[in-house]
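What follows is a single structure, written as structure tokens, with notes after it.
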Amino acid sequence: DLSLSVARGEIAALVGPSGCGKTTLLRAIAGIAPIDSGRIALDGETVAGPGIEVPPERRGVGLMFQEHALFPHLRIDENVGFGLRRLPKAEAAARVADLLDRLGIAALARRYPHQISGGEQQRAALARALAPRPRLLLMDEPFSALDRRLREGVREETLAVLRDLGIAALIVTHDPQEALAEGDRVALMAAGRIVQVGTGPDLYDRPGCAFAAEFFCPCNKVPGVCRGGWLETPLGRFRSPAIAEGGAATAYLRPHALRLVGESEHGLAGRVVAESFLGETRQIRVAAEALAEPLRIRAAAGEAAPPGALVRVAAPPEAAFVF
């Protein structure tokens, strides 16, 4: 039970935890999985609805899974041109050559899948999906099989090609950071529903619910009571205009919103129970008597606070999401 639209030429990211229905939605759009009710339309044409079920091959939709599924017995150029058999040979060959060149794998045209790397296979699979010039490209976790450094480079190249060709795309991922980096818009999904849709900054900076706030970054949860439009908590006061007077609520604070302050400043007293070096930053965990769980603080690498140290923690009034 959800509604979602993708504009012509737009790259939309569909993100959510495993099992929430992302792949099922892609399969329904592609025509692989029938729908029980509702309507799916492409360019205003209903392709699935009451009494209508346009077969997958007539929808003009490309589908690319995380398993590249290249035909092992065909060369790369033959894989890419597999869906172009109805075109004149010269036109098909030109289209294949153009895509291989755009994706930087023209030199691999006559190799077989087992002779190229995982990143090169991903580019070949993308070229094959784009060759028929679909109205919409559906991509299901397309970069998850690649290592982190390679994944970022291939993702940037893929998005550049999609934008250059003006092809609308719906990209499924379970990685919050990947969704924020990929999509012109991001749709957050949970338990078969769309929870929130907007730009990456919209969802990250203005989450509409506790689930959205925590999905994009684990939060510290500090309980409090609303008085006069403020949530009063052991950590401080945070703006909460939507909470009724005297109502209980929780302040959700991301680790980088908290800071260690001096003894003369206002803050919650606590003791450092753990510290982790993360390269550019450190993660510091501070336990306080007033809180059930230690606070997680993301600090600059030079801000050392060894376990056992007594510290004070503070956060600005606008730092919390209150739900």
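Ordering of the structure tokens sets the chain letters (A, B, ...); residue numbers start at 1 within each chain; ligands are numbered from 1 in the order shown.
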
Item to complete: Per DSSP on the backbone, filter segment 127-321 of chain A down to the residues in strand (DSSP E or B) and report them as a PyMOL selection string.
Response: chain A and resi 136-140+168-173+185-190+193-198+220-227+230-233+236-239+248-253+259-261+268-277+281-287+295-300+310-314+321

What are the closest atom pairs, with distances in Å to one decimal, for all residues of segment 25-119 of chain A lying within 10 Å of segment 143-163 of chain A? Consider only C-alpha atoms, order rows by chain and residue number, and present the result as CSV.
```
residue,atom,partner,partner_atom,distance
A:Phe65,CA,A:Phe143,CA,9.3
A:Gln66,CA,A:Phe143,CA,6.6
A:Glu67,CA,A:Ala145,CA,7.9
A:His68,CA,A:Ala145,CA,9.5
A:Leu99,CA,A:Val161,CA,9.0
A:Arg102,CA,A:Val161,CA,7.1
A:Leu103,CA,A:Glu157,CA,7.3
A:Gly104,CA,A:Glu157,CA,9.2
A:Gly118,CA,A:Leu146,CA,6.9
A:Gly119,CA,A:Leu146,CA,6.8
```

Those selected residues, please, written with N, CA and C atoms and delivered as a PDB file, in the first residue's frame.
```pdb
ATOM      1  N   PHE A  65      20.080  -6.570 -11.664  1.00  0.00           N
ATOM      2  CA  PHE A  65      20.232  -7.085 -10.311  1.00  0.00           C
ATOM      3  C   PHE A  65      21.691  -7.003  -9.877  1.00  0.00           C
ATOM      4  N   GLN A  66      21.943  -7.270  -8.585  1.00  0.00           N
ATOM      5  CA  GLN A  66      23.316  -7.244  -8.080  1.00  0.00           C
ATOM      6  C   GLN A  66      24.138  -8.372  -8.690  1.00  0.00           C
ATOM      7  N   GLU A  67      23.506  -9.512  -9.028  1.00  0.00           N
ATOM      8  CA  GLU A  67      24.207 -10.565  -9.759  1.00  0.00           C
ATOM      9  C   GLU A  67      24.210 -10.157 -11.227  1.00  0.00           C
ATOM     10  N   HIS A  68      25.386  -9.958 -11.804  1.00  0.00           N
ATOM     11  CA  HIS A  68      25.458  -9.383 -13.140  1.00  0.00           C
ATOM     12  C   HIS A  68      24.835 -10.270 -14.201  1.00  0.00           C
ATOM     13  N   LEU A  99      28.011   2.468 -26.097  1.00  0.00           N
ATOM     14  CA  LEU A  99      27.857   2.214 -24.667  1.00  0.00           C
ATOM     15  C   LEU A  99      29.149   1.707 -24.036  1.00  0.00           C
ATOM     16  N   ARG A 102      31.312   4.726 -23.615  1.00  0.00           N
ATOM     17  CA  ARG A 102      30.855   5.597 -22.521  1.00  0.00           C
ATOM     18  C   ARG A 102      31.262   5.047 -21.157  1.00  0.00           C
ATOM     19  N   LEU A 103      31.237   3.733 -21.038  1.00  0.00           N
ATOM     20  CA  LEU A 103      31.518   3.090 -19.760  1.00  0.00           C
ATOM     21  C   LEU A 103      32.982   2.682 -19.614  1.00  0.00           C
ATOM     22  N   GLY A 104      33.793   3.044 -20.570  1.00  0.00           N
ATOM     23  CA  GLY A 104      35.229   2.829 -20.450  1.00  0.00           C
ATOM     24  C   GLY A 104      35.680   1.391 -20.589  1.00  0.00           C
ATOM     25  N   GLY A 118      35.375  -7.778 -11.499  1.00  0.00           N
ATOM     26  CA  GLY A 118      34.003  -7.560 -11.031  1.00  0.00           C
ATOM     27  C   GLY A 118      33.472  -6.195 -11.410  1.00  0.00           C
ATOM     28  N   GLY A 119      34.307  -5.168 -11.289  1.00  0.00           N
ATOM     29  CA  GLY A 119      33.867  -3.833 -11.669  1.00  0.00           C
ATOM     30  C   GLY A 119      33.601  -3.730 -13.162  1.00  0.00           C
TER      31      GLY A 119
END
```

Discussion item. List as a PyMOL selection string the protein and nucleic acid residues near segment 264-272 of chain A, meaning an atom at most 12 Å away when only C-alpha atoms are counted, but skip any in the same chain fewer than 3 places from it.
Written reply: chain A and resi 222+233-237+258-261+275-276+283-291+293-297+304-316

Save out the residues we just selected, C-alpha atoms, as a CSV table (one decimal), in the first residue's frame.
```csv
chain,number,residue,atom,x,y,z
A,222,VAL,CA,17.3,10.9,25.6
A,233,THR,CA,15.9,16.3,29.4
A,234,PRO,CA,19.0,15.5,31.6
A,235,LEU,CA,21.1,16.7,28.7
A,236,GLY,CA,19.4,20.0,28.3
A,237,ARG,CA,16.4,21.7,26.7
A,258,LEU,CA,27.1,16.2,21.0
A,259,ARG,CA,30.4,17.8,22.3
A,260,LEU,CA,32.6,17.7,25.3
A,261,VAL,CA,32.6,20.9,27.2
A,275,GLU,CA,36.9,5.3,23.0
A,276,SER,CA,37.5,4.2,19.4
A,283,GLN,CA,33.9,7.8,18.9
A,284,ILE,CA,33.6,8.3,22.6
A,285,ARG,CA,31.1,6.6,24.8
A,286,VAL,CA,30.1,8.5,28.0
A,287,ALA,CA,27.9,7.0,30.8
A,288,ALA,CA,25.8,9.3,33.0
A,289,GLU,CA,23.8,8.3,36.0
A,290,ALA,CA,20.7,10.1,34.6
A,291,LEU,CA,20.7,8.0,31.4
A,293,GLU,CA,22.4,4.0,28.0
A,294,PRO,CA,25.9,5.6,27.4
A,295,LEU,CA,26.0,8.5,25.0
A,296,ARG,CA,27.9,8.1,21.7
A,297,ILE,CA,29.9,11.2,20.7
A,304,ALA,CA,41.2,12.5,23.2
A,305,ALA,CA,39.1,11.4,26.2
A,306,PRO,CA,40.6,8.2,27.7
A,307,PRO,CA,38.3,5.7,29.4
A,308,GLY,CA,37.7,6.7,33.0
A,309,ALA,CA,38.0,10.4,32.4
A,310,LEU,CA,35.3,12.6,34.0
A,311,VAL,CA,33.7,14.8,31.3
A,312,ARG,CA,30.7,17.0,30.6
A,313,VAL,CA,28.5,16.6,27.5
A,314,ALA,CA,26.3,19.3,25.9
A,315,ALA,CA,24.3,19.8,22.7
A,316,PRO,CA,22.7,22.9,21.2
```

Discussion item. What parts of segment 96-257 of chain A does DSSP call helix (DSSP H, G or I)? I'd like the answer as an MDAnalysis selection string.
Written reply: chainID A and resid 96:102 106:108 113:115 118:130 148:165 176:182 200:205 210:215 255:257

Pull C-alpha atoms from the residues just selected and write them as a JSON list (two decimals), in the first residue's frame.
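Below is the file that was written, part.json:
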```json
[["chain", "number", "residue", "atom", "x", "y", "z"],
["A", 96, "VAL", "CA", 26.97, -1.42, -28.43],
["A", 97, "ALA", "CA", 30.22, 0.34, -29.32],
["A", 98, "ASP", "CA", 28.88, 3.67, -28.04],
["A", 99, "LEU", "CA", 27.86, 2.21, -24.67],
["A", 100, "LEU", "CA", 31.10, 0.31, -24.20],
["A", 101, "ASP", "CA", 32.99, 3.52, -24.95],
["A", 102, "ARG", "CA", 30.86, 5.60, -22.52],
["A", 106, "ALA", "CA", 35.59, -0.64, -25.22],
["A", 107, "ALA", "CA", 38.91, -2.50, -25.05],
["A", 108, "LEU", "CA", 37.16, -5.47, -23.42],
["A", 113, "PRO", "CA", 32.97, -12.45, -18.60],
["A", 114, "HIS", "CA", 35.44, -14.67, -16.74],
["A", 115, "GLN", "CA", 38.32, -12.72, -18.26],
["A", 118, "GLY", "CA", 34.00, -7.56, -11.03],
["A", 119, "GLY", "CA", 33.87, -3.83, -11.67],
["A", 120, "GLU", "CA", 34.21, -4.39, -15.42],
["A", 121, "GLN", "CA", 31.44, -7.01, -15.30],
["A", 122, "GLN", "CA", 29.22, -4.46, -13.54],
["A", 123, "ARG", "CA", 29.84, -1.93, -16.31],
["A", 124, "ALA", "CA", 29.08, -4.58, -18.93],
["A", 125, "ALA", "CA", 25.83, -5.51, -17.19],
["A", 126, "LEU", "CA", 24.85, -1.83, -17.10],
["A", 127, "ALA", "CA", 25.61, -1.46, -20.80],
["A", 128, "ARG", "CA", 23.42, -4.48, -21.56],
["A", 129, "ALA", "CA", 20.55, -3.01, -19.52],
["A", 130, "LEU", "CA", 20.89, 0.37, -21.28],
["A", 148, "ARG", "CA", 34.10, -0.08, -1.07],
["A", 149, "ARG", "CA", 36.72, 1.85, -3.06],
["A", 150, "LEU", "CA", 35.68, 0.29, -6.37],
["A", 151, "ARG", "CA", 31.99, 0.73, -5.53],
["A", 152, "GLU", "CA", 32.25, 4.50, -5.19],
["A", 153, "GLY", "CA", 34.03, 4.91, -8.52],
["A", 154, "VAL", "CA", 31.68, 2.62, -10.47],
["A", 155, "ARG", "CA", 28.63, 4.29, -8.87],
["A", 156, "GLU", "CA", 29.79, 7.76, -9.93],
["A", 157, "GLU", "CA", 30.43, 6.56, -13.49],
["A", 158, "THR", "CA", 27.04, 4.85, -13.63],
["A", 159, "LEU", "CA", 25.13, 7.92, -12.45],
["A", 160, "ALA", "CA", 27.01, 10.11, -14.93],
["A", 161, "VAL", "CA", 26.03, 7.83, -17.84],
["A", 162, "LEU", "CA", 22.38, 7.69, -16.73],
["A", 163, "ARG", "CA", 22.20, 11.48, -16.51],
["A", 164, "ASP", "CA", 23.97, 11.90, -19.84],
["A", 165, "LEU", "CA", 21.46, 9.59, -21.53],
["A", 176, "PRO", "CA", 21.70, 4.83, 3.85],
["A", 177, "GLN", "CA", 24.85, 6.65, 2.73],
["A", 178, "GLU", "CA", 24.63, 5.16, -0.75],
["A", 179, "ALA", "CA", 21.00, 6.31, -1.06],
["A", 180, "LEU", "CA", 21.89, 9.86, -0.03],
["A", 181, "ALA", "CA", 24.74, 9.93, -2.57],
["A", 182, "GLU", "CA", 22.78, 8.41, -5.48],
["A", 200, "GLY", "CA", 18.82, 13.61, 0.60],
["A", 201, "PRO", "CA", 19.13, 16.75, 2.76],
["A", 202, "ASP", "CA", 15.36, 16.68, 3.40],
["A", 203, "LEU", "CA", 15.46, 13.18, 4.85],
["A", 204, "TYR", "CA", 18.74, 13.61, 6.72],
["A", 205, "ASP", "CA", 18.15, 17.07, 8.18],
["A", 210, "ALA", "CA", 11.93, 8.43, 14.70],
["A", 211, "PHE", "CA", 12.52, 5.62, 12.19],
["A", 212, "ALA", "CA", 13.72, 8.10, 9.55],
["A", 213, "ALA", "CA", 15.96, 9.89, 12.06],
["A", 214, "GLU", "CA", 17.69, 6.68, 13.15],
["A", 215, "PHE", "CA", 17.88, 5.03, 9.74],
["A", 255, "PRO", "CA", 26.73, 11.50, 17.69],
["A", 256, "HIS", "CA", 28.30, 14.48, 15.91],
["A", 257, "ALA", "CA", 25.74, 16.84, 17.50]]
```

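Of the listed residues A:Ser117, A:Asn79, A:Ser5, A:Thr281, the one whose atoms come nearest to Asp43 of chain A is A:Ser5, with distances taken using only C-alpha atoms.
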
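Atom CA of Asp140 of chain A is positioned 18.5 Å from atom CA of Ile40 of chain A.
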
Practice prompt. Provide the atom CA of Thr199 of chain A to atom CA of Thr173 of chain A distance in Å, to one decimal place.
Written response: 15.6 Å

Could you pull the residues within 12 Å of Gly44 of chain A, counting only C-alpha atoms, minus those fewer than 4 positions along the same chain, as a compact mmCIF listing (two decimals) with C-alpha atoms, in the first residue's frame?
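Output contents, as saved in part-v7.txt:
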```
# COMPACT_ATOMS: atom_id res chain seq x y z
CA SER A 5 6.46 8.59 -8.70
CA VAL A 6 9.70 9.01 -10.63
CA ALA A 7 10.05 11.88 -13.09
CA ARG A 8 11.48 11.56 -16.58
CA ARG A 39 -2.07 0.85 -10.79
CA ILE A 40 1.38 1.11 -12.34
CA ALA A 48 -0.66 -2.94 -14.59
CA ARG A 135 12.05 4.23 -20.47
```
